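Peer 1: Below is a structure I'd like to ask you about.
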Amino acid sequence: MTRHFLRDDDLSPAEYHQVLDMADELKADRFAYRPLEGPKAVAVIFDKPSTRTRVSFSVGIAELGGYPLVIDAQTSQLGRGEPIADTARVLDRQCEAIVWRTFAQTRLAEMAAASAVPVVNALTDEFHPCQLLADLQTVRERKGVLAGLTLTYAGDGANNMAHSYLLAGASVGMHVRVASPGDYAPDPDVLRRAAEIASGTGGSVAHVTDPADAFAGADVLATDTWVSMGQEAEGQSREQPFVPYALTQAAVDAAAREAIVLHCLPAYRGKEIAAAVMDGPASAVWDEAENRLHAQKALLTWLLSQEAMA
């Protein structure tokens, strides 16, 4: 059966460690695995603007021996309204995998349902699982372990990063706190699923509205922009409720000693994160950005290996 990576709980807890171990190998030796030698093509489709996703998948696919076929959805037949399933049937006859950065998760699920090759979520409105692989690799590098650590995500608790932190963090046994105003709480179904996973890994998940409670003693602090793509029309009024949840130096001081700070980028210094924190000694942001490359290469290698064993 073809394995896809559409949301963070598509990998089991054991599979997370397999992929992260492989990511560490690829960071030590960028050409350790060449599953796309040929070169074989991987379709990388963009419905939304991107810097890190475009660079990391393009470079990564080339380093795996393959060819990144980068497609702008707006200038392809997808943008004209071609059925997603028809696009999947064309791409899977010529490509080894399909990577898609799009809007609703249902679009990605429709692509996967019709595709005979792995489909990878490079970001949807609901989840950002490739970013979480890079984040977990970064935390493990800095802390040596994942299970038992407390990770606080502060900001918009209803966005894709919050949902991915809940599912992925629970999968590796972390204690995940999402700190946000009550009107921006995580999707109850995602929170419920994350709690179910955490019950089997020794982790825990929680939504808290008091930022002081959320920051206290945390090993990892993470945030994201308060205005995600597609929300620009809401203007500055959207930002006001999130101000108490900003990652300031006071938030870092309240966290555990030697806590680290993550941000998936792009960052708005002075809003969700202070410039002094972004560029300070607790920041692991640039390692996190680099690890998108290694983690996504590992994911593609792992997915293609599952394909070979099927």
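Residues in the structure tokens are named by chain (A, B, ... in the order shown) and by number from 1 within that chain; ligands are numbered from 1 in the order shown.
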Quick one: residues within 10 Å of Ala256 (chain A), only C-alpha atoms, excluding same-chain residues fewer than 2 positions away - as a VMD selection string?
Peer 2: chain A and resid 150 215 to 221 252 to 254 258 to 260
Peer 1: Please identify which residues in region 224-301 of chain A DSSP calls strand (DSSP E or B) from the backbone, and express them as an NGL selection string.
Peer 2: :A and (247 or 260-263 or 269 or 273 or 283)
Peer 1: Would you mind exporting N, CA, C and O atoms of the selected residues as a compact mmCIF listing (two decimals), in the first residue's frame?
Peer 2:
# COMPACT_ATOMS: atom_id res chain seq x y z
N LEU A 247 6.88 35.89 22.22
CA LEU A 247 8.10 35.33 22.81
C LEU A 247 9.08 36.47 23.07
O LEU A 247 9.89 36.83 22.22
N ILE A 260 15.25 26.37 24.61
CA ILE A 260 15.54 26.83 23.25
C ILE A 260 14.26 27.39 22.62
O ILE A 260 13.14 27.09 23.06
N VAL A 261 14.47 28.21 21.59
CA VAL A 261 13.36 28.91 20.93
C VAL A 261 13.30 28.50 19.46
O VAL A 261 14.34 28.47 18.78
N LEU A 262 12.10 28.21 18.99
CA LEU A 262 11.87 27.83 17.59
C LEU A 262 10.91 28.81 16.92
O LEU A 262 10.01 29.35 17.56
N HIS A 263 11.11 29.00 15.65
CA HIS A 263 10.16 29.76 14.81
C HIS A 263 10.28 29.21 13.40
O HIS A 263 11.38 29.11 12.85
N ARG A 269 9.83 40.29 13.60
CA ARG A 269 10.49 40.73 14.83
C ARG A 269 9.71 41.89 15.45
O ARG A 269 9.29 42.80 14.76
N ILE A 273 7.68 37.54 18.07
CA ILE A 273 8.96 37.22 18.69
C ILE A 273 9.81 38.49 18.74
O ILE A 273 9.86 39.26 17.76
N SER A 283 18.07 30.99 20.74
CA SER A 283 17.48 30.72 19.43
C SER A 283 18.10 29.51 18.74
O SER A 283 19.32 29.40 18.62
Peer 1: Could you pull out the residues in region 110-188 of chain A that DSSP calls alpha helix (DSSP H) from the backbone, as a PyMOL selection string?
Peer 2: chain A and resi 110-114+129-143+160-171+188
Peer 1: Between A:Thr225, A:Glu290, A:Ser171, A:Ala104, which has the minimum distance to Gly203 (chain A) (counting only C-alpha atoms)?
Peer 2: A:Ser171
Peer 1: Would you mind listing what lies within 7 Å of region 180-187 of chain A as number ranges by chain, with only C-alpha atoms counted and same-chain residues fewer than 2 positions away left out?
Peer 2: A: 154-158, 162-163, 178, 189-191, 208-209, 241, 245
Peer 1: Counting only C-alpha atoms, which residue out of A:Tyr153, A:Phe57, A:Trp286, A:Phe46 sits closest to Asp72 (chain A)?
Peer 2: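 The shortest atom-to-atom distance to Asp72 (chain A) comes from A:Phe46.
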Peer 1: Counting only C-alpha atoms, which residue out of A:Gln249, A:Ser237, A:Asn121, A:Gln137 sits closest to Leu300 (chain A)?
Peer 2: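 Using only C-alpha atoms, Leu300 (chain A) sits closest to A:Asn121.
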Peer 1: Just the number, please: distance in Å from CA of Gly148 (chain A) to CA of Ser199 (chain A), one decimal.
Peer 2: 12.9 Å
Peer 1: Enter the distance from CA of Val44 (chain A) to CA of Ala168 (chain A), in Å, rounded to one decimal.
Peer 2: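 If I compute the distance from CA of Val44 (chain A) to CA of Ala168 (chain A), I get 23.1 Å.
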Peer 1: Considering only C-alpha atoms, state which residue in the set A:Ala147, A:Ala214, A:Leu11, A:Ala274 is at the smallest distance from Cys130 (chain A).
Peer 2: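 So, comparing all the options, the nearest one is A:Leu11.
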Peer 1: Extract, using only C-alpha atoms, all DNA, RNA and protein residues at most 6 Å from His128 (chain A), discarding same-chain residues fewer than 2 positions from it, and format them as a list of chain:residue names.
Peer 2: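 In the requested format, the answer is A:Leu123, A:Cys130, A:Gln131, A:Asn160, A:Met161, A:Ser164.
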Peer 1: Could you write out the selected residues, including all heavy atoms, as a PDB file, in the first residue's frame?
Peer 2:
ATOM      1  N   LEU A 123       2.519  21.807   3.373  1.00  0.00           N
ATOM      2  CA  LEU A 123       1.773  22.819   4.147  1.00  0.00           C
ATOM      3  C   LEU A 123       0.334  22.865   3.638  1.00  0.00           C
ATOM      4  O   LEU A 123       0.095  22.898   2.428  1.00  0.00           O
ATOM      5  CB  LEU A 123       2.368  24.233   4.043  1.00  0.00           C
ATOM      6  CG  LEU A 123       1.655  25.338   4.840  1.00  0.00           C
ATOM      7  CD1 LEU A 123       2.651  26.344   5.429  1.00  0.00           C
ATOM      8  CD2 LEU A 123       0.676  26.099   3.936  1.00  0.00           C
ATOM      9  N   CYS A 130       5.899  18.568   7.672  1.00  0.00           N
ATOM     10  CA  CYS A 130       7.331  18.558   7.316  1.00  0.00           C
ATOM     11  C   CYS A 130       8.105  19.524   8.221  1.00  0.00           C
ATOM     12  O   CYS A 130       9.242  19.244   8.601  1.00  0.00           O
ATOM     13  CB  CYS A 130       7.513  18.927   5.844  1.00  0.00           C
ATOM     14  SG  CYS A 130       7.022  17.610   4.714  1.00  0.00           S
ATOM     15  N   GLN A 131       7.503  20.669   8.565  1.00  0.00           N
ATOM     16  CA  GLN A 131       8.161  21.592   9.478  1.00  0.00           C
ATOM     17  C   GLN A 131       8.391  20.931  10.832  1.00  0.00           C
ATOM     18  O   GLN A 131       9.429  21.135  11.477  1.00  0.00           O
ATOM     19  CB  GLN A 131       7.310  22.847   9.655  1.00  0.00           C
ATOM     20  CG  GLN A 131       7.922  23.884  10.586  1.00  0.00           C
ATOM     21  CD  GLN A 131       9.215  24.466  10.050  1.00  0.00           C
ATOM     22  OE1 GLN A 131       9.241  24.998   8.955  1.00  0.00           O
ATOM     23  NE2 GLN A 131      10.302  24.357  10.806  1.00  0.00           N
ATOM     24  N   ASN A 160      -2.118  25.909  11.609  1.00  0.00           N
ATOM     25  CA  ASN A 160      -1.533  24.628  11.218  1.00  0.00           C
ATOM     26  C   ASN A 160      -0.336  24.230  12.092  1.00  0.00           C
ATOM     27  O   ASN A 160      -0.145  23.053  12.412  1.00  0.00           O
ATOM     28  CB  ASN A 160      -1.152  24.644   9.733  1.00  0.00           C
ATOM     29  CG  ASN A 160      -0.316  25.844   9.339  1.00  0.00           C
ATOM     30  OD1 ASN A 160       0.173  26.607  10.185  1.00  0.00           O
ATOM     31  ND2 ASN A 160      -0.137  26.038   8.038  1.00  0.00           N
ATOM     32  N   MET A 161       0.470  25.202  12.524  1.00  0.00           N
ATOM     33  CA  MET A 161       1.616  24.855  13.356  1.00  0.00           C
ATOM     34  C   MET A 161       1.168  24.329  14.724  1.00  0.00           C
ATOM     35  O   MET A 161       1.733  23.369  15.243  1.00  0.00           O
ATOM     36  CB  MET A 161       2.542  26.065  13.517  1.00  0.00           C
ATOM     37  CG  MET A 161       3.379  26.374  12.280  1.00  0.00           C
ATOM     38  SD  MET A 161       4.459  24.999  11.792  1.00  0.00           S
ATOM     39  CE  MET A 161       5.529  24.854  13.210  1.00  0.00           C
ATOM     40  N   SER A 164       0.042  20.782  14.276  1.00  0.00           N
ATOM     41  CA  SER A 164       1.143  19.854  14.033  1.00  0.00           C
ATOM     42  C   SER A 164       1.974  19.636  15.298  1.00  0.00           C
ATOM     43  O   SER A 164       2.441  18.519  15.555  1.00  0.00           O
ATOM     44  CB  SER A 164       2.020  20.366  12.878  1.00  0.00           C
ATOM     45  OG  SER A 164       1.387  20.089  11.641  1.00  0.00           O
TER      46      SER A 164
END
Peer 1: Name the residues in contact with Met22 (chain A) at a cut-off of 9 Å, using only C-alpha atoms, excluding same-chain residues fewer than 2 positions from it; report them as a ChimeraX atom specification.
Peer 2: /A:17-20,24-27,294-295,297-299,301-302
Peer 1: One decimal, Å: what's the distance from CA of Pro188 (chain A) over to CA of Glu126 (chain A), could you say?
Peer 2: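 Pair CA of Pro188 (chain A) / CA of Glu126 (chain A) returns 12.6 Å.
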Peer 1: Hey, which of A:Gln105, A:Glu141, A:Ala114, A:Trp100 ends up closest to Ile84 (chain A)? Count only C-alpha atoms.
Peer 2: A:Ala114
